[in-house]
Amino acid sequence: MVAVLFFLILTSLTIAMVYSITSTNTVIAKRTVDRATAVAYGDGVMESIFDQWRNSLATATDPTDRSSGKSTAALTAAITPPDAATLPLPPGVSLNSWSIKALTPLLADTTSSDGRPVPENGTSSRLRISLYYMATVKVNFRNSGSNPAVIQRIFSRTGRNIFDNFFFGTQMKTEFHPGPEMYVSGTVYIGGDLFTAHDSLHFMKDVTFTGSQSLNFRPEDSRYGVETPNIASGTQGLGNNWDLNNPPHVGPQQKLLDTPLTALDPKFIDDPSNNDFDTAANPSDGNPNNNGYHEIIEEPDPNTNTTDKVDPLKLDANTSERLSENADYRIYVDASNNVKIFAGSTQLNSGAEFDAITAAITTNTAINDAREGDYVRLVTLDVSKINGSIGTLKDTKGGPSGTGGEGYVFYIADTSGAAPGSSATQVTTNVYDTKTGAVATGGGNVPSKHARGVKLVNGGTLPKAGLTVVSPNTVYIQGDYNTGSTSGSQPTSNTATSYTPPTDTPSPVVTSYDRAAAAVVGDAVNILSNNWNDANSMSGKTRTASSTTVNSALVAGNVPTTSNSYSGGIENFTRFNEDWTGSYFTIYGALALLYDSEQAVGLWNKASYSPPSRRWYYDTNLQNANPPGFRVAHVYSRGNRIGN
């Protein structure tokens, strides 16, 4: 009896213990589920706060808000957490509180007197700063008591620009088809499809595209399906000599402007071989101010106050993404060779600034460009004279917000040109022998039908603060640029004959010269060597190039491939006009192909040149300093969840 009683007591205790443990585990499990539900709801609230924070900063019209971020108080007033209709509340869950606050780069509460974030700026450009905020959401759930679920995330806005890559392309189809060995030393971004058909191409860094990749010519190319691509193996990576562990791959879309892509006319973003390409004079939607990325080198239509001519690149009353709007000086030359100079919105008619610029400008000379089938009427800028007048000239708008201090921007336009193929009156000009300064034999009063250009000469030394030269016309760079070169010295990149890519890096500057932040931007960019002579561009003349180095970011357009002509590919992004056999062309900078050329529309197969040996290097200095006049695109991100 005693044994039975003992057994019953033991059994009862065991059952009670099991029940207690089971009940405890059930409570713990239920609490875990309730907390997980609360956290999931909190994540939804966090997403709503992030979207509103990003939109509030991106659409800010106050210049200080736009450049330095909004204060804690301003964002708190602007953000509203989602209501139950937008984000239904799970049973037993309620929003306890939410907050957003500005931080320092060390993620501490801001020390700014006006409550804005303290910028993190490890570069020499005030535009490329990072701003940080902390968002916190607290959510009550059943039996949470005074211990709600807490979710936190770091929000950041970082300024980046297109020159973070060696090559940045926005065309729907991009081709790299070099003949000789070609090495690309920096990252490559292709905003569309990538076509590579030659195993002489070496990508040394990461390559991303947003569309697809083909080891072939593009379908519009007459070689497609006829000529066998020069690929040693069909295996991706091996056949094109890039890193087998990091072949070109799909990557995220990178921003070019803060202006959303949807604000631009899609007919100017699309590939013209796929549809009827609209012209700048006849835009498909009637708005001349939204015609694709070419707008950054154009000026806005003067009637921008009408609803059908809204300028999407005008972010607010003080901020535009047009380089013309960000120029310190704008220079215009008309058909009669009258020169107008503006400093901001003020026309200069006399004074030290006017004298300095007019002394650096030469008008009404010409070169013959075989590709364009025309004499190109030139406005020539002597960069050495600009550099020598820096004490006189003012850096007032090198920073797009107009506060100055970020280098010089010159916008130069010959306004006498007419659309290619038009029957406009020709302009007569002269071809000069640049060695003697006299009009070349047979070079007097030559006709220039439509082609207009800007030529940069004596650009060995640039202003230390940086220089950007922009034109809606074709730009020609003659001789070494931003290298420190003089008549008695030149960089090693022009003379080294034992160069073995990619390990050898011949110096692109003369001793003791520091490269300035620089950009050259045009409808197209041509390279004229150190040996160039305008007179030799005339028919039948010998055009023998010599090695030349350009240290600059280059932004230009091209003429896309059709069945009639190859675009020239990225290997011919910069256009040539000489016999470069045995000579080097070194680019130490970055390339950006953003649009189709609208003035320099001659086909690549009409060009007359022999290609140089190309030495292409990415200038990492561009990650630290924007070329003057270029805005950054703001990238918004949220960090991993902090808390429970």
# chains A, B, ... in the order shown; residues from 1 in each chain; ligands from 1
>>> residues_around(residues="Gly251 of chain A", least_positions_apart="6", cutoff="8 Å", atoms="only C-alpha atoms", output="list in words")
Thr208, Phe209 and Thr210 of chain A
>>> write_last_selection(atoms="N, CA, C and O atoms", output="PDB file, in the first residue's frame")
ATOM      1  N   THR A 208      29.942  45.836 -64.631  1.00  0.00           N
ATOM      2  CA  THR A 208      28.529  45.515 -64.445  1.00  0.00           C
ATOM      3  C   THR A 208      27.720  46.069 -65.604  1.00  0.00           C
ATOM      4  O   THR A 208      28.083  47.061 -66.232  1.00  0.00           O
ATOM      5  N   PHE A 209      26.618  45.401 -65.877  1.00  0.00           N
ATOM      6  CA  PHE A 209      25.670  45.858 -66.883  1.00  0.00           C
ATOM      7  C   PHE A 209      24.274  45.619 -66.334  1.00  0.00           C
ATOM      8  O   PHE A 209      24.068  44.783 -65.446  1.00  0.00           O
ATOM      9  N   THR A 210      23.302  46.357 -66.852  1.00  0.00           N
ATOM     10  CA  THR A 210      21.934  46.217 -66.359  1.00  0.00           C
ATOM     11  C   THR A 210      21.064  45.385 -67.284  1.00  0.00           C
ATOM     12  O   THR A 210      19.944  45.046 -66.922  1.00  0.00           O
TER      13      THR A 210
END
>>> select_by_dssp(residues="segment 59-308 of chain A", states="strand (DSSP E or B)", output="MDAnalysis selection string")
chainID A and resid 94:103 109 120 130:140 149:160 167:169 173:176 182:184 188:190 193:196 198 201:203 207:209 213:214 230 249:250 279 282
>>> atom_distance(atom1="atom CA of Ala545 of chain A", atom2="atom CA of Glu578 of chain A")
5.7 Å
>>> closest_residue(among="A:Gly159, A:Pro288, A:Gly443, A:Pro302", to="Leu257 of chain A", atoms="only C-alpha atoms")
A:Gly159
>>> residues_around(residues="Gly115 of chain A", least_positions_apart="2", cutoff="8 Å", atoms="only C-alpha atoms", output="list in words")
Ser71, Thr72, Ala73, Ala102, Thr110, Thr111, Ser112, Ser113 and Pro117 of chain A
>>> atom_distance(atom1="atom CA of Ser156 of chain A", atom2="atom CA of Arg638 of chain A")
6.2 Å
>>> residues_around(residues="segment 562-566 of chain A", least_positions_apart="3", cutoff="8 Å", atoms="only C-alpha atoms", output="mmCIF file with C-alpha atoms, in the first residue's frame")
data_model
loop_
_atom_site.group_PDB
_atom_site.id
_atom_site.type_symbol
_atom_site.label_atom_id
_atom_site.label_comp_id
_atom_site.auth_asym_id
_atom_site.auth_seq_id
_atom_site.Cartn_x
_atom_site.Cartn_y
_atom_site.Cartn_z
ATOM 1 C CA GLU A 220 22.533 45.953 -86.066
ATOM 2 C CA ASP A 221 26.231 45.566 -86.931
ATOM 3 C CA SER A 222 26.801 44.295 -90.476
ATOM 4 C CA SER A 273 18.039 52.148 -84.182
ATOM 5 C CA GLY A 569 32.994 51.262 -79.999
ATOM 6 C CA LEU A 603 29.754 58.117 -89.438
ATOM 7 C CA TRP A 604 32.773 56.369 -87.973
ATOM 8 C CA ASN A 605 33.588 54.648 -91.264
#
>>> closest_residue(among="A:Pro472, A:Gly69, A:Gly44, A:Gly373", to="Arg330 of chain A", atoms="only C-alpha atoms")
A:Pro472
>>> residues_around(residues="Ser56 of chain A", least_positions_apart="5", cutoff="10 Å", atoms="only C-alpha atoms", output="list in words")
Phe50, Asp51, Thr61, Asp65, Arg66, Gly69, Lys70, Ala74, Leu75, Ala78 and Ile79 of chain A
>>> closest_atom_pairs(of="segment 584-637 of chain A", to="segment 166-186 of chain A", cutoff="9 Å", atoms="only C-alpha atoms", output="Markdown table")
| residue | atom | partner | partner_atom | distance |
| --- | --- | --- | --- | --- |
| A:Gly589 | CA | A:Phe166 | CA | 7.0 |
| A:Ala590 | CA | A:Phe166 | CA | 4.4 |
| A:Leu591 | CA | A:Phe167 | CA | 4.8 |
| A:Ala592 | CA | A:Phe168 | CA | 4.7 |
| A:Leu593 | CA | A:Gly169 | CA | 4.8 |
| A:Leu594 | CA | A:Thr170 | CA | 5.2 |
| A:Tyr595 | CA | A:Gln171 | CA | 6.8 |
| A:Asp596 | CA | A:Gln171 | CA | 8.2 |
| A:Ser613 | CA | A:Pro180 | CA | 8.0 |
| A:Arg614 | CA | A:Met182 | CA | 6.9 |
| A:Arg615 | CA | A:Tyr183 | CA | 7.5 |
| A:Trp616 | CA | A:Val184 | CA | 6.1 |
| A:Tyr617 | CA | A:Ser185 | CA | 5.4 |
| A:Tyr618 | CA | A:Gly186 | CA | 5.1 |
| A:Asp619 | CA | A:Phe166 | CA | 7.8 |
| A:Thr620 | CA | A:Gly186 | CA | 8.8 |
>>> write_last_selection(atoms="N, CA, C and O atoms", output="PDB file, in the first residue's frame")
ATOM      1  N   GLY A 589      42.131  59.263 -66.461  1.00  0.00           N
ATOM      2  CA  GLY A 589      40.933  59.972 -66.030  1.00  0.00           C
ATOM      3  C   GLY A 589      39.746  59.049 -65.979  1.00  0.00           C
ATOM      4  O   GLY A 589      39.783  57.991 -65.350  1.00  0.00           O
ATOM      5  N   ALA A 590      38.667  59.430 -66.676  1.00  0.00           N
ATOM      6  CA  ALA A 590      37.446  58.631 -66.722  1.00  0.00           C
ATOM      7  C   ALA A 590      36.685  59.024 -67.984  1.00  0.00           C
ATOM      8  O   ALA A 590      36.850  60.131 -68.509  1.00  0.00           O
ATOM      9  N   LEU A 591      35.851  58.107 -68.463  1.00  0.00           N
ATOM     10  CA  LEU A 591      35.064  58.331 -69.670  1.00  0.00           C
ATOM     11  C   LEU A 591      33.588  58.165 -69.349  1.00  0.00           C
ATOM     12  O   LEU A 591      33.207  57.263 -68.592  1.00  0.00           O
ATOM     13  N   ALA A 592      32.751  59.015 -69.943  1.00  0.00           N
ATOM     14  CA  ALA A 592      31.301  58.895 -69.759  1.00  0.00           C
ATOM     15  C   ALA A 592      30.622  59.095 -71.107  1.00  0.00           C
ATOM     16  O   ALA A 592      30.730  60.164 -71.719  1.00  0.00           O
ATOM     17  N   LEU A 593      29.945  58.058 -71.575  1.00  0.00           N
ATOM     18  CA  LEU A 593      29.160  58.106 -72.812  1.00  0.00           C
ATOM     19  C   LEU A 593      27.697  58.204 -72.397  1.00  0.00           C
ATOM     20  O   LEU A 593      27.092  57.220 -71.972  1.00  0.00           O
ATOM     21  N   LEU A 594      27.116  59.397 -72.528  1.00  0.00           N
ATOM     22  CA  LEU A 594      25.801  59.660 -71.944  1.00  0.00           C
ATOM     23  C   LEU A 594      24.700  59.897 -72.963  1.00  0.00           C
ATOM     24  O   LEU A 594      23.521  59.885 -72.598  1.00  0.00           O
ATOM     25  N   TYR A 595      25.055  60.118 -74.223  1.00  0.00           N
ATOM     26  CA  TYR A 595      24.027  60.512 -75.178  1.00  0.00           C
ATOM     27  C   TYR A 595      24.513  60.258 -76.593  1.00  0.00           C
ATOM     28  O   TYR A 595      25.689  59.968 -76.828  1.00  0.00           O
ATOM     29  N   ASP A 596      23.601  60.386 -77.534  1.00  0.00           N
ATOM     30  CA  ASP A 596      23.945  60.334 -78.950  1.00  0.00           C
ATOM     31  C   ASP A 596      24.361  61.741 -79.390  1.00  0.00           C
ATOM     32  O   ASP A 596      23.745  62.735 -79.003  1.00  0.00           O
ATOM     33  N   SER A 613      48.352  53.366 -80.031  1.00  0.00           N
ATOM     34  CA  SER A 613      48.409  52.386 -78.954  1.00  0.00           C
ATOM     35  C   SER A 613      47.810  53.071 -77.737  1.00  0.00           C
ATOM     36  O   SER A 613      48.298  54.123 -77.309  1.00  0.00           O
ATOM     37  N   ARG A 614      46.754  52.482 -77.219  1.00  0.00           N
ATOM     38  CA  ARG A 614      45.988  53.155 -76.160  1.00  0.00           C
ATOM     39  C   ARG A 614      46.491  52.734 -74.790  1.00  0.00           C
ATOM     40  O   ARG A 614      46.586  51.550 -74.491  1.00  0.00           O
ATOM     41  N   ARG A 615      46.752  53.715 -73.954  1.00  0.00           N
ATOM     42  CA  ARG A 615      47.084  53.476 -72.555  1.00  0.00           C
ATOM     43  C   ARG A 615      45.966  54.110 -71.730  1.00  0.00           C
ATOM     44  O   ARG A 615      45.874  55.331 -71.623  1.00  0.00           O
ATOM     45  N   TRP A 616      45.136  53.269 -71.172  1.00  0.00           N
ATOM     46  CA  TRP A 616      43.968  53.758 -70.450  1.00  0.00           C
ATOM     47  C   TRP A 616      44.136  53.495 -68.963  1.00  0.00           C
ATOM     48  O   TRP A 616      44.304  52.344 -68.540  1.00  0.00           O
ATOM     49  N   TYR A 617      44.044  54.557 -68.160  1.00  0.00           N
ATOM     50  CA  TYR A 617      44.151  54.417 -66.710  1.00  0.00           C
ATOM     51  C   TYR A 617      43.028  55.202 -66.035  1.00  0.00           C
ATOM     52  O   TYR A 617      42.678  56.310 -66.472  1.00  0.00           O
ATOM     53  N   TYR A 618      42.529  54.644 -64.962  1.00  0.00           N
ATOM     54  CA  TYR A 618      41.534  55.353 -64.157  1.00  0.00           C
ATOM     55  C   TYR A 618      42.248  56.233 -63.141  1.00  0.00           C
ATOM     56  O   TYR A 618      43.172  55.783 -62.455  1.00  0.00           O
ATOM     57  N   ASP A 619      41.816  57.475 -63.043  1.00  0.00           N
ATOM     58  CA  ASP A 619      42.394  58.400 -62.071  1.00  0.00           C
ATOM     59  C   ASP A 619      41.567  58.350 -60.793  1.00  0.00           C
ATOM     60  O   ASP A 619      40.461  58.900 -60.736  1.00  0.00           O
ATOM     61  N   THR A 620      42.099  57.693 -59.780  1.00  0.00           N
ATOM     62  CA  THR A 620      41.365  57.552 -58.516  1.00  0.00           C
ATOM     63  C   THR A 620      41.177  58.883 -57.806  1.00  0.00           C
ATOM     64  O   THR A 620      40.348  58.975 -56.888  1.00  0.00           O
TER      65      THR A 620
END
>>> closest_residue(among="A:Ile154, A:Leu244, A:Ala519, A:Ala197", to="Tyr224 of chain A", atoms="only C-alpha atoms")
A:Ala197
>>> closest_residue(among="A:Glu571, A:Glu227, A:Asp83, A:Asp285", to="Leu95 of chain A", atoms="only C-alpha atoms")
A:Asp83
>>> select_by_dssp(residues="segment 62-284 of chain A", states="alpha helix (DSSP H)", output="ChimeraX atom specification")
/A:63-68,72-78
>>> write_last_selection(atoms="N, CA and C atoms", output="PDB file, in the first residue's frame")
ATOM      1  N   PRO A  63      18.083  75.523 -50.407  1.00  0.00           N
ATOM      2  CA  PRO A  63      19.461  75.123 -50.738  1.00  0.00           C
ATOM      3  C   PRO A  63      20.205  74.477 -49.578  1.00  0.00           C
ATOM      4  N   THR A  64      19.995  74.967 -48.359  1.00  0.00           N
ATOM      5  CA  THR A  64      20.688  74.379 -47.207  1.00  0.00           C
ATOM      6  C   THR A  64      20.162  72.994 -46.916  1.00  0.00           C
ATOM      7  N   ASP A  65      18.842  72.829 -47.007  1.00  0.00           N
ATOM      8  CA  ASP A  65      18.259  71.492 -46.819  1.00  0.00           C
ATOM      9  C   ASP A  65      18.803  70.530 -47.864  1.00  0.00           C
ATOM     10  N   ARG A  66      18.921  71.021 -49.092  1.00  0.00           N
ATOM     11  CA  ARG A  66      19.368  70.144 -50.169  1.00  0.00           C
ATOM     12  C   ARG A  66      20.825  69.733 -49.991  1.00  0.00           C
ATOM     13  N   SER A  67      21.662  70.654 -49.583  1.00  0.00           N
ATOM     14  CA  SER A  67      23.089  70.351 -49.496  1.00  0.00           C
ATOM     15  C   SER A  67      23.480  69.732 -48.163  1.00  0.00           C
ATOM     16  N   SER A  68      22.819  70.148 -47.070  1.00  0.00           N
ATOM     17  CA  SER A  68      23.249  69.728 -45.736  1.00  0.00           C
ATOM     18  C   SER A  68      22.272  68.809 -45.026  1.00  0.00           C
ATOM     19  N   THR A  72      16.485  67.399 -37.426  1.00  0.00           N
ATOM     20  CA  THR A  72      15.640  66.432 -36.733  1.00  0.00           C
ATOM     21  C   THR A  72      14.211  66.955 -36.620  1.00  0.00           C
ATOM     22  N   ALA A  73      14.068  68.219 -36.231  1.00  0.00           N
ATOM     23  CA  ALA A  73      12.732  68.790 -36.047  1.00  0.00           C
ATOM     24  C   ALA A  73      11.956  68.842 -37.359  1.00  0.00           C
ATOM     25  N   ALA A  74      12.629  69.236 -38.441  1.00  0.00           N
ATOM     26  CA  ALA A  74      11.945  69.345 -39.730  1.00  0.00           C
ATOM     27  C   ALA A  74      11.471  67.991 -40.227  1.00  0.00           C
ATOM     28  N   LEU A  75      12.296  66.976 -40.067  1.00  0.00           N
ATOM     29  CA  LEU A  75      11.900  65.641 -40.521  1.00  0.00           C
ATOM     30  C   LEU A  75      10.799  65.069 -39.646  1.00  0.00           C
ATOM     31  N   THR A  76      10.863  65.307 -38.344  1.00  0.00           N
ATOM     32  CA  THR A  76       9.814  64.817 -37.450  1.00  0.00           C
ATOM     33  C   THR A  76       8.469  65.411 -37.834  1.00  0.00           C
ATOM     34  N   ALA A  77       8.476  66.680 -38.224  1.00  0.00           N
ATOM     35  CA  ALA A  77       7.233  67.331 -38.626  1.00  0.00           C
ATOM     36  C   ALA A  77       6.750  66.861 -39.989  1.00  0.00           C
ATOM     37  N   ALA A  78       7.678  66.412 -40.839  1.00  0.00           N
ATOM     38  CA  ALA A  78       7.313  66.045 -42.217  1.00  0.00           C
ATOM     39  C   ALA A  78       6.875  64.590 -42.367  1.00  0.00           C
TER      40      ALA A  78
END
>>> residues_around(residues="Gly442 of chain A", least_positions_apart="2", cutoff="12 Å", atoms="only C-alpha atoms", output="count of residues only")
18
>>> closest_residue(among="A:Glu406, A:Ala352, A:Gly225, A:Asp258", to="Gly391 of chain A", atoms="only C-alpha atoms")
A:Ala352
>>> closest_residue(among="A:Pro612, A:Pro627, A:Tyr499, A:Pro312", to="Pro463 of chain A", atoms="only C-alpha atoms")
A:Pro627
>>> atom_distance(atom1="atom CA of Tyr189 of chain A", atom2="atom CA of Asn165 of chain A")
6.9 Å
